[in-house]
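S.K.: Data file start_18.tsv (TSV, C-alpha atoms) is appended below.
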```tsv
chain	number	residue	atom	x	y	z
A	1	MET	CA	0.00	0.00	0.00
A	2	GLY	CA	2.64	2.47	-1.06
A	3	GLY	CA	0.72	5.10	-3.05
A	4	TRP	CA	-2.07	7.67	-2.85
A	5	ARG	CA	-5.64	6.41	-2.50
A	6	VAL	CA	-8.94	8.26	-2.85
A	7	THR	CA	-10.99	8.58	0.34
A	8	GLY	CA	-14.10	9.87	-1.40
A	9	LEU	CA	-15.82	12.77	-3.09
A	10	ARG	CA	-16.29	15.69	-0.70
A	11	TRP	CA	-18.90	18.42	-0.64
A	12	ALA	CA	-17.69	20.76	2.08
A	13	GLU	CA	-20.05	23.42	3.44
A	14	GLY	CA	-19.48	26.68	1.57
A	15	ALA	CA	-17.24	25.12	-1.09
A	16	ALA	CA	-17.80	26.17	-4.72
A	17	GLY	CA	-17.78	22.59	-5.95
A	18	PRO	CA	-16.72	19.02	-5.21
A	19	ALA	CA	-13.27	17.79	-4.26
A	20	LEU	CA	-11.53	14.45	-4.02
A	21	GLY	CA	-9.98	13.46	-0.71
A	22	TRP	CA	-6.72	11.49	-0.77
A	23	GLN	CA	-4.81	9.41	1.77
A	24	GLY	CA	-1.05	9.12	1.36
A	25	PRO	CA	1.25	6.18	2.13
A	26	ALA	CA	2.49	7.71	5.41
A	27	PRO	CA	0.28	7.79	8.54
A	28	GLY	CA	-1.76	10.99	8.67
A	29	GLN	CA	-0.73	12.02	5.16
A	30	SER	CA	-3.69	13.45	3.24
A	31	ARG	CA	-4.65	16.07	0.70
A	32	VAL	CA	-7.69	17.40	-1.12
A	33	SER	CA	-7.90	18.23	-4.82
A	34	GLY	CA	-10.71	20.48	-6.01
A	35	LEU	CA	-12.56	19.57	-9.20
A	36	ALA	CA	-13.72	22.04	-11.83
A	37	TYR	CA	-16.39	21.38	-14.44
A	38	GLY	CA	-14.87	21.35	-17.90
A	39	ALA	CA	-11.51	20.04	-16.64
A	40	GLU	CA	-10.05	16.85	-18.10
A	41	LEU	CA	-9.36	14.08	-15.59
A	42	GLY	CA	-7.59	10.76	-15.92
A	43	PHE	CA	-6.19	8.06	-13.65
A	44	ARG	CA	-4.97	4.49	-13.65
A	45	ALA	CA	-5.59	1.92	-10.89
A	46	LEU	CA	-2.66	-0.18	-9.70
A	47	GLY	CA	-2.42	-3.52	-7.87
A	48	VAL	CA	-5.36	-4.69	-5.79
A	49	ARG	CA	-8.04	-2.92	-3.80
A	50	HIS	CA	-7.47	-2.84	-0.05
A	51	CYS	CA	-9.87	-2.31	2.83
A	52	VAL	CA	-10.01	1.35	3.86
A	53	GLY	CA	-10.33	0.56	7.57
A	54	ALA	CA	-12.84	2.04	10.01
A	55	ARG	CA	-13.27	5.42	11.68
A	56	GLY	CA	-9.93	6.76	10.48
A	57	ASN	CA	-8.00	3.65	11.53
A	58	PRO	CA	-6.26	1.46	8.94
A	59	CYS	CA	-7.34	-2.13	8.43
A	60	PRO	CA	-5.05	-4.28	10.63
A	61	LEU	CA	-5.25	-7.13	8.12
A	62	LEU	CA	-4.59	-5.02	4.99
A	63	ALA	CA	-7.44	-7.08	3.58
A	64	VAL	CA	-8.09	-7.23	-0.15
A	65	VAL	CA	-11.71	-6.36	-1.03
A	66	ALA	CA	-13.85	-6.87	-4.12
A	67	GLY	CA	-13.80	-4.26	-6.86
A	68	ARG	CA	-17.57	-3.84	-7.27
A	69	GLY	CA	-18.54	-2.96	-3.72
A	70	THR	CA	-18.99	0.69	-2.76
A	71	GLY	CA	-18.03	0.16	0.90
A	72	ALA	CA	-14.40	-0.94	0.38
A	73	ARG	CA	-14.29	-2.53	3.84
A	74	CYS	CA	-13.60	-6.05	5.00
A	75	PRO	CA	-16.31	-7.62	7.22
A	76	GLU	CA	-14.51	-6.78	10.47
A	77	CYS	CA	-13.90	-3.12	9.60
A	78	ALA	CA	-17.47	-2.78	8.29
A	79	ARG	CA	-18.74	-4.06	11.65
A	80	LEU	CA	-16.56	-1.61	13.59
A	81	ASP	CA	-17.62	1.30	11.39
A	82	ARG	CA	-21.30	0.53	11.82
A	83	ALA	CA	-20.90	0.11	15.59
A	84	HIS	CA	-20.24	3.88	15.87
A	85	SER	CA	-22.78	5.15	13.37
A	86	VAL	CA	-25.63	7.59	13.94
A	87	ALA	CA	-27.20	6.36	10.71
A	88	ALA	CA	-27.27	2.81	12.10
A	89	ASP	CA	-28.92	3.96	15.36
A	90	THR	CA	-25.98	2.72	17.42
A	91	ILE	CA	-25.40	6.08	19.15
A	92	ALA	CA	-28.32	7.34	21.23
A	93	ASP	CA	-26.56	9.83	23.53
A	94	ASP	CA	-24.99	12.15	20.96
A	95	PRO	CA	-25.22	15.63	22.54
A	96	ARG	CA	-25.08	17.55	19.25
A	97	THR	CA	-27.99	19.39	17.68
A	98	TYR	CA	-29.50	17.66	14.66
A	99	ARG	CA	-31.60	18.87	11.77
A	100	VAL	CA	-34.41	17.04	10.01
A	101	TYR	CA	-34.59	17.60	6.26
A	102	LEU	CA	-36.78	16.78	3.28
A	103	ALA	CA	-34.78	15.90	0.16
A	104	TRP	CA	-35.99	15.63	-3.47
A	105	PHE	CA	-34.10	13.53	-6.02
A	106	GLY	CA	-36.60	13.35	-8.84
A	107	PRO	CA	-40.37	13.18	-9.51
A	108	GLY	CA	-41.99	11.12	-6.76
A	109	MET	CA	-38.68	10.68	-4.94
A	110	VAL	CA	-38.72	12.65	-1.67
A	111	LYS	CA	-37.19	11.32	1.54
A	112	VAL	CA	-36.80	12.43	5.14
A	113	GLY	CA	-33.47	12.32	6.93
A	114	ILE	CA	-31.35	13.85	9.66
A	115	THR	CA	-27.88	15.35	9.82
A	116	ALA	CA	-25.75	17.00	12.49
A	117	GLU	CA	-26.37	20.75	12.42
A	118	GLN	CA	-22.64	21.51	12.38
A	119	ARG	CA	-22.34	19.79	9.00
A	120	GLY	CA	-24.69	22.26	7.34
A	121	SER	CA	-26.02	21.04	3.99
A	122	ALA	CA	-22.97	18.92	3.09
A	123	ARG	CA	-24.91	15.72	3.80
A	124	LEU	CA	-27.55	16.69	1.23
A	125	ARG	CA	-24.93	17.18	-1.49
A	126	GLU	CA	-23.27	13.90	-0.53
A	127	GLN	CA	-26.58	12.13	-1.16
A	128	GLY	CA	-27.14	13.87	-4.48
A	129	ALA	CA	-30.27	15.74	-3.32
A	130	VAL	CA	-31.31	18.07	-6.15
A	131	VAL	CA	-33.61	20.08	-3.86
A	132	PHE	CA	-34.02	20.12	-0.09
A	133	SER	CA	-35.58	22.08	2.75
A	134	TRP	CA	-34.95	21.95	6.47
A	135	LEU	CA	-37.92	20.84	8.56
A	136	GLY	CA	-36.74	21.19	12.17
A	137	ARG	CA	-33.85	21.12	14.62
A	138	GLY	CA	-33.30	19.62	18.05
A	139	PRO	CA	-31.75	16.72	20.00
A	140	LEU	CA	-30.86	13.50	18.19
A	141	MET	CA	-33.70	11.41	19.57
A	142	ALA	CA	-36.28	14.13	18.79
A	143	ALA	CA	-34.99	14.24	15.23
A	144	ARG	CA	-35.21	10.44	15.05
A	145	ARG	CA	-38.80	10.44	16.36
A	146	THR	CA	-39.79	13.05	13.78
A	147	GLU	CA	-38.20	10.98	11.03
A	148	GLU	CA	-40.18	7.95	12.18
A	149	LEU	CA	-43.38	10.03	12.44
A	150	LEU	CA	-43.14	11.03	8.78
A	151	ARG	CA	-42.45	7.44	7.78
A	152	SER	CA	-45.37	5.96	9.70
A	153	VAL	CA	-48.02	8.67	9.20
A	154	LEU	CA	-47.14	10.11	5.79
A	155	GLY	CA	-45.36	7.12	4.26
A	156	VAL	CA	-42.20	9.14	3.54
A	157	PRO	CA	-39.15	6.87	3.07
A	158	ASP	CA	-35.84	7.50	4.77
A	159	ARG	CA	-33.89	5.79	1.99
A	160	ILE	CA	-34.09	5.82	-1.81
A	161	PRO	CA	-31.97	3.35	-3.83
A	162	TYR	CA	-29.07	5.21	-5.37
A	163	ALA	CA	-29.65	3.70	-8.81
A	164	ARG	CA	-33.07	5.41	-8.92
A	165	LYS	CA	-31.54	8.80	-8.07
A	166	ARG	CA	-28.94	8.44	-10.81
A	167	ALA	CA	-31.43	7.29	-13.43
A	168	VAL	CA	-33.47	10.53	-13.38
A	169	ARG	CA	-30.76	13.09	-12.65
A	170	THR	CA	-30.21	14.33	-16.22
A	171	ALA	CA	-33.90	14.60	-17.20
A	172	LEU	CA	-35.38	16.70	-14.41
A	173	PRO	CA	-38.42	19.03	-14.50
A	174	GLY	CA	-38.05	22.78	-14.03
A	175	ILE	CA	-36.98	24.42	-10.79
A	176	GLY	CA	-40.52	25.42	-9.84
A	177	GLU	CA	-41.85	21.88	-10.17
A	178	ARG	CA	-38.89	20.52	-8.21
A	179	ALA	CA	-39.54	22.84	-5.27
A	180	ALA	CA	-43.32	22.33	-5.34
A	181	GLU	CA	-43.10	18.66	-4.36
A	182	VAL	CA	-40.90	19.48	-1.37
A	183	ARG	CA	-43.19	22.36	-0.34
A	184	ALA	CA	-46.25	20.08	-0.42
A	185	LEU	CA	-44.58	17.51	1.82
A	186	TYR	CA	-43.33	20.23	4.17
A	187	GLY	CA	-46.92	21.44	4.63
A	188	LYS	CA	-48.10	17.93	5.52
A	189	ALA	CA	-45.21	17.46	7.93
A	190	VAL	CA	-45.69	20.67	9.93
A	191	ALA	CA	-49.42	19.89	10.15
A	192	LEU	CA	-48.38	17.01	12.44
A	193	ARG	CA	-47.35	19.44	15.18
A	194	GLY	CA	-49.38	18.50	18.24
A	195	ASP	CA	-49.98	15.04	16.78
A	196	GLY	CA	-46.78	13.21	17.60
A	197	TRP	CA	-44.28	15.95	16.69
A	198	PRO	CA	-41.70	16.00	19.54
A	199	GLU	CA	-41.91	19.16	21.65
A	200	SER	CA	-38.12	19.46	21.71
A	201	LEU	CA	-37.91	19.69	17.91
A	202	GLU	CA	-37.99	23.33	16.82
A	203	PRO	CA	-39.71	23.75	13.42
A	204	LEU	CA	-37.74	25.63	10.77
A	205	PRO	CA	-39.26	27.73	7.96
A	206	PHE	CA	-39.60	26.29	4.48
A	207	GLU	CA	-36.79	27.26	2.11
A	208	ALA	CA	-36.14	25.23	-1.03
A	209	VAL	CA	-32.43	24.95	-1.80
A	210	ASP	CA	-31.73	23.80	-5.36
A	211	HIS	CA	-28.41	22.07	-6.12
A	212	ALA	CA	-28.72	21.73	-9.91
A	213	GLY	CA	-26.22	24.54	-10.43
A	214	VAL	CA	-23.81	23.26	-7.77
A	215	PHE	CA	-23.93	19.80	-9.35
A	216	GLY	CA	-23.50	21.17	-12.88
A	217	ILE	CA	-26.39	19.06	-14.15
A	218	LYS	CA	-28.16	21.88	-16.00
A	219	GLY	CA	-28.15	20.92	-19.66
A	220	VAL	CA	-26.15	17.70	-19.20
A	221	VAL	CA	-27.10	15.13	-21.82
A	222	GLY	CA	-28.30	11.69	-20.80
A	223	VAL	CA	-25.83	9.27	-19.29
A	224	THR	CA	-24.78	6.48	-21.67
A	225	GLY	CA	-22.80	4.25	-19.30
A	226	ALA	CA	-21.65	3.68	-15.73
A	227	VAL	CA	-18.34	2.29	-14.49
A	228	THR	CA	-18.99	-0.95	-12.60
A	229	GLU	CA	-15.52	-1.48	-11.09
A	230	LEU	CA	-11.86	-0.58	-11.35
A	231	VAL	CA	-9.24	-3.17	-12.28
A	232	ASP	CA	-5.46	-3.37	-12.08
A	233	GLY	CA	-4.09	-1.17	-14.84
A	234	GLY	CA	-7.56	0.08	-15.74
A	235	VAL	CA	-7.95	3.69	-16.87
A	236	VAL	CA	-10.82	6.15	-16.55
A	237	ALA	CA	-10.59	9.55	-18.22
A	238	GLY	CA	-12.74	12.29	-19.69
A	239	ARG	CA	-13.95	15.86	-19.28
A	240	LEU	CA	-15.83	16.49	-16.03
A	241	VAL	CA	-19.28	17.80	-16.96
A	242	ALA	CA	-21.15	17.30	-13.68
A	243	ALA	CA	-20.96	15.76	-10.21
A	244	ALA	CA	-23.67	14.80	-7.72
A	245	GLY	CA	-23.54	12.77	-4.54
A	246	PRO	CA	-20.59	10.40	-4.99
A	247	ASP	CA	-20.81	10.48	-8.80
A	248	LEU	CA	-18.57	12.11	-11.38
A	249	HIS	CA	-20.13	12.57	-14.84
A	250	LEU	CA	-17.35	12.31	-17.41
A	251	ALA	CA	-17.53	12.96	-21.16
A	252	PRO	CA	-14.98	10.84	-23.07
A	253	ALA	CA	-13.54	12.38	-26.20
A	254	ASN	CA	-15.56	10.15	-28.54
A	255	GLY	CA	-18.94	11.15	-27.09
A	256	GLY	CA	-21.46	10.15	-24.49
A	257	VAL	CA	-21.41	10.62	-20.72
A	258	VAL	CA	-20.07	7.97	-18.34
A	259	VAL	CA	-20.81	8.03	-14.61
A	260	LEU	CA	-18.09	7.05	-12.15
A	261	ASP	CA	-19.22	6.37	-8.59
A	262	THR	CA	-16.15	7.55	-6.65
A	263	ARG	CA	-16.91	5.02	-3.92
A	264	LEU	CA	-15.54	2.45	-6.38
A	265	MET	CA	-12.20	4.33	-6.29
A	266	THR	CA	-11.65	3.99	-2.54
A	267	GLY	CA	-9.05	1.41	-1.57
A	268	TRP	CA	-7.19	1.59	-4.90
A	269	GLU	CA	-3.76	3.09	-5.47
A	270	LEU	CA	-4.23	5.62	-8.28
A	271	VAL	CA	-1.75	7.36	-10.56
A	272	VAL	CA	-2.10	9.86	-13.38
A	273	ALA	CA	-3.18	8.24	-16.63
A	274	ASP	CA	-1.40	8.57	-19.95
A	275	ALA	CA	-2.94	11.50	-21.80
A	276	ARG	CA	-3.66	9.21	-24.80
A	277	ALA	CA	-4.96	6.25	-22.85
A	278	ASP	CA	-8.35	4.66	-23.56
A	279	VAL	CA	-10.94	3.87	-20.89
A	280	THR	CA	-10.20	0.27	-20.00
A	281	VAL	CA	-12.44	-0.50	-17.01
A	282	PRO	CA	-15.80	-2.30	-17.17
A	283	VAL	CA	-18.63	0.08	-18.12
A	284	ALA	CA	-22.27	-1.04	-18.13
A	285	ALA	CA	-24.62	0.58	-20.61
A	286	VAL	CA	-27.37	2.48	-18.78
A	287	GLY	CA	-30.44	0.32	-18.43
A	288	SER	CA	-28.52	-2.96	-18.63
A	289	GLY	CA	-27.19	-5.24	-15.93
A	290	PRO	CA	-23.80	-4.88	-14.25
A	291	GLY	CA	-20.87	-5.78	-16.43
A	292	ALA	CA	-22.83	-5.43	-19.65
A	293	GLY	CA	-19.86	-4.08	-21.50
A	294	THR	CA	-16.43	-2.51	-21.28
A	295	GLY	CA	-15.48	0.98	-22.23
A	296	SER	CA	-12.91	1.71	-24.87
A	297	GLN	CA	-13.12	5.45	-25.28
A	298	GLY	CA	-10.07	7.39	-26.38
A	299	VAL	CA	-9.62	10.48	-24.17
A	300	GLN	CA	-7.05	13.06	-23.24
A	301	GLY	CA	-6.00	12.30	-19.67
A	302	GLY	CA	-5.35	14.90	-17.00
A	303	LEU	CA	-4.38	15.34	-13.38
A	304	PHE	CA	-6.62	15.05	-10.35
```
Please go through the file and, once you have read it, give me the structure as structure tokens.
M.R.:
Amino acid sequence: MGGWRVTGLRWAEGAAGPALGWQGPAPGQSRVSGLAYGAELGFRALGVRHCVGARGNPCPLLAVVAGRGTGARCPECARLDRAHSVAADTIADDPRTYRVYLAWFGPGMVKVGITAEQRGSARLREQGAVVFSWLGRGPLMAARRTEELLRSVLGVPDRIPYARKRAVRTALPGIGERAAEVRALYGKAVALRGDGWPESLEPLPFEAVDHAGVFGIKGVVGVTGAVTELVDGGVVAGRLVAAAGPDLHLAPANGGVVVLDTRLMTGWELVVADARADVTVPVAAVGSGPGAGTGSQGVQGGLF
């Protein structure tokens, strides 16, 4: 494990756009590289994919993990990571203030969720939420009870499969229609005050925040393929046209748009690709099953 490895796509609060986090070969060695739409990117994967460890600690076994998983953790590290997770309901005494949000990903796809207030809206961008509004703020358990109230009374899900989010991202309705669906759900949610809404959860005013511009998805043509895994020596390259959640939308030189889920990059040692290299990792055509094909697009590589 002697090279630089991606730790994920970051959407820091207040940042102009996304950035890739990197972990170096030395303990504590890290860096962040900002990404700009229109820039050409290219990298090559080397060796095998290793477990990324848990909670900032390296995997003691240096375990090799499968290329197609998005978690990049061995079973033991996955267990340790989940054992200290708010999302997994394993921490009930977190003293921080939490916010409840309503997030819209596409027509008919609105979910409820919570995030630590100190994180701002970064969690919404990490999930690829095109539009969101805050609903309330308060202690963790009050936020959890509100989340459950919306699930049980209004039938609002707390999870939406990521493949569904990705499938509709480049063919969205106008900004007014996007906000209207969130506004309608917000009205139903606040009407539950006095009917199960926790007293310690302070309601917040409706304000639709639209991320289409931040994600760069305005005017992006339909996606033609999606990377299914990286392989030793495999190259991905293209012009960055958009990014949302963990996804990079890349336009190879010979046309089309290929989506790369950056969670597939974690655990790999990555180096700059040859500027004339072709895409040589498995790419599934959109609408087909995993591994439906392999990319072979000629592109001009660049630096992350």
S.K.: Find the residues near Arg99 of chain A: any atom within 9 Å, counting all atoms listed in the file, skip ones fewer than 2 places away on the same chain, and give them as a PyMOL selection string.
M.R.: chain A and resi 97+101+113-117+120+134-140+143+201
S.K.: Pick the closest to Ala12 of chain A from A:Pro282, A:Gly69, A:Gly194, A:Gly34: which is it, counting only C-alpha atoms?
M.R.: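 The shortest atom-to-atom distance to Ala12 of chain A comes from A:Gly34.
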S.K.: In terms of the shortest atom-to-atom distance over all atoms listed in the file, which of A:Val223, A:Ala237, A:Val48, A:Leu264 is closest to Ala284 of chain A?
M.R.: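 Looking only at the distances to Ala284 of chain A, the closest residue turns out to be A:Val223.
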S.K.: Could you tell me how far atom CA of Asp94 of chain A lies from atom CA of Pro27 of chain A, in Å and to one decimal?
M.R.: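 Going from atom CA of Asp94 of chain A over to atom CA of Pro27 of chain A covers 28.5 Å.
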S.K.: For a test of reading the model, state the distance in Å between atom CA of Gly53 of chain A and atom CA of Gly67 of chain A, rounded to one decimal.
M.R.: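 Computing it gives 15.6 Å between the two atoms.
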S.K.: Please compute the atom CA of Cys74 of chain A-atom CA of Gly24 of chain A distance, one decimal, in Å.
M.R.: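 Interatomic distance, atom CA of Cys74 of chain A to atom CA of Gly24 of chain A: 20.0 Å.
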S.K.: Return the padded bounding box of segment 204-210 of chain A as AutoDock Vina command-line options: axis-aligned, built from all atoms listed in the file, 3 Å added on each side, with centre and edge lengths in Å to one decimal.
M.R.:
```
--center_x -35.7 --center_y 25.8 --center_z 2.7 --size_x 13.9 --size_y 9.9 --size_z 22.1
```
S.K.: I'd like the contact shell of Gly106 of chain A - 8 Å cut-off, all atoms listed in the file, skipping same-chain residues fewer than 6 positions apart - returned as a list in words.
M.R.: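 In the requested format, the answer is Val130, Lys165, Val168, Arg169, Leu172 and Arg178 of chain A.
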S.K.: Residues near Ala15 of chain A, anyone? I mean within 12 Å using all atoms listed in the file, not counting same-chain ones fewer than 6 positions away, as a list in words.
M.R.: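 Neighbouring residues, sequence-local ones excluded: Gly34, Leu35, Ala36, Gly120, Ser121, Ala122, Arg125, Val214 and Phe215 of chain A.
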S.K.: Of the candidates A:Arg193, A:Arg55, A:Arg49, A:Lys111, which one gets nearest to Arg68 of chain A if we count only C-alpha atoms?
M.R.: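 Ranked by minimum distance to Arg68 of chain A, first place goes to A:Arg49.
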S.K.: Rank nothing, just name the residue among A:Val190, A:Val236, A:Leu124, A:Val258 nearest to Val279 of chain A, using only C-alpha atoms.
M.R.: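 The shortest atom-to-atom distance to Val279 of chain A comes from A:Val236.
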S.K.: List the spatial neighbours of Thr262 of chain A as a list in words - criterion: any atom at most 10 Å away, all atoms listed in the file, same-chain residues fewer than 2 positions off excluded.
M.R.: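 Near neighbours after the sequence-gap exclusion: Val6, Thr7, Gly8, Leu9, Leu20, Thr70, Val227, Gly245, Pro246, Asp247, Leu248, Val259, Leu260, Leu264, Met265 and Thr266 of chain A.
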S.K.: Using only C-alpha atoms, can you tell me which of A:Pro18, A:His211, A:Gly234, A:Thr228 comes closest to Trp268 of chain A?
M.R.: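 Among the listed residues, A:Gly234 lies closest to Trp268 of chain A.
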S.K.: Please list as a PDB file with C-alpha atoms, keeping the file's coordinate frame every residue within 12 Å of Pro25 of chain A, counting only C-alpha atoms and excluding residues in the same chain fewer than 6 positions away.
M.R.:
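result_37.pdb was written with the following content:
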```
ATOM      1  CA  MET A   1       0.000   0.000   0.000  1.00  0.00           C
ATOM      2  CA  GLY A   2       2.640   2.470  -1.060  1.00  0.00           C
ATOM      3  CA  GLY A   3       0.720   5.100  -3.050  1.00  0.00           C
ATOM      4  CA  TRP A   4      -2.070   7.670  -2.850  1.00  0.00           C
ATOM      5  CA  ARG A   5      -5.640   6.410  -2.500  1.00  0.00           C
ATOM      6  CA  VAL A   6      -8.940   8.260  -2.850  1.00  0.00           C
ATOM      7  CA  ARG A  31      -4.650  16.070   0.700  1.00  0.00           C
ATOM      8  CA  PRO A  58      -6.260   1.460   8.940  1.00  0.00           C
ATOM      9  CA  GLY A 267      -9.050   1.410  -1.570  1.00  0.00           C
ATOM     10  CA  TRP A 268      -7.190   1.590  -4.900  1.00  0.00           C
ATOM     11  CA  GLU A 269      -3.760   3.090  -5.470  1.00  0.00           C
ATOM     12  CA  LEU A 270      -4.230   5.620  -8.280  1.00  0.00           C
TER      13      LEU A 270
END
```
S.K.: Determine the nearest neighbour of Ala19 of chain A from the options A:Glu126, A:Glu199, A:Asp81, A:Asp210, counting all atoms listed in the file.
M.R.: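 That would be A:Glu126, the residue with the smallest distance to Ala19 of chain A.
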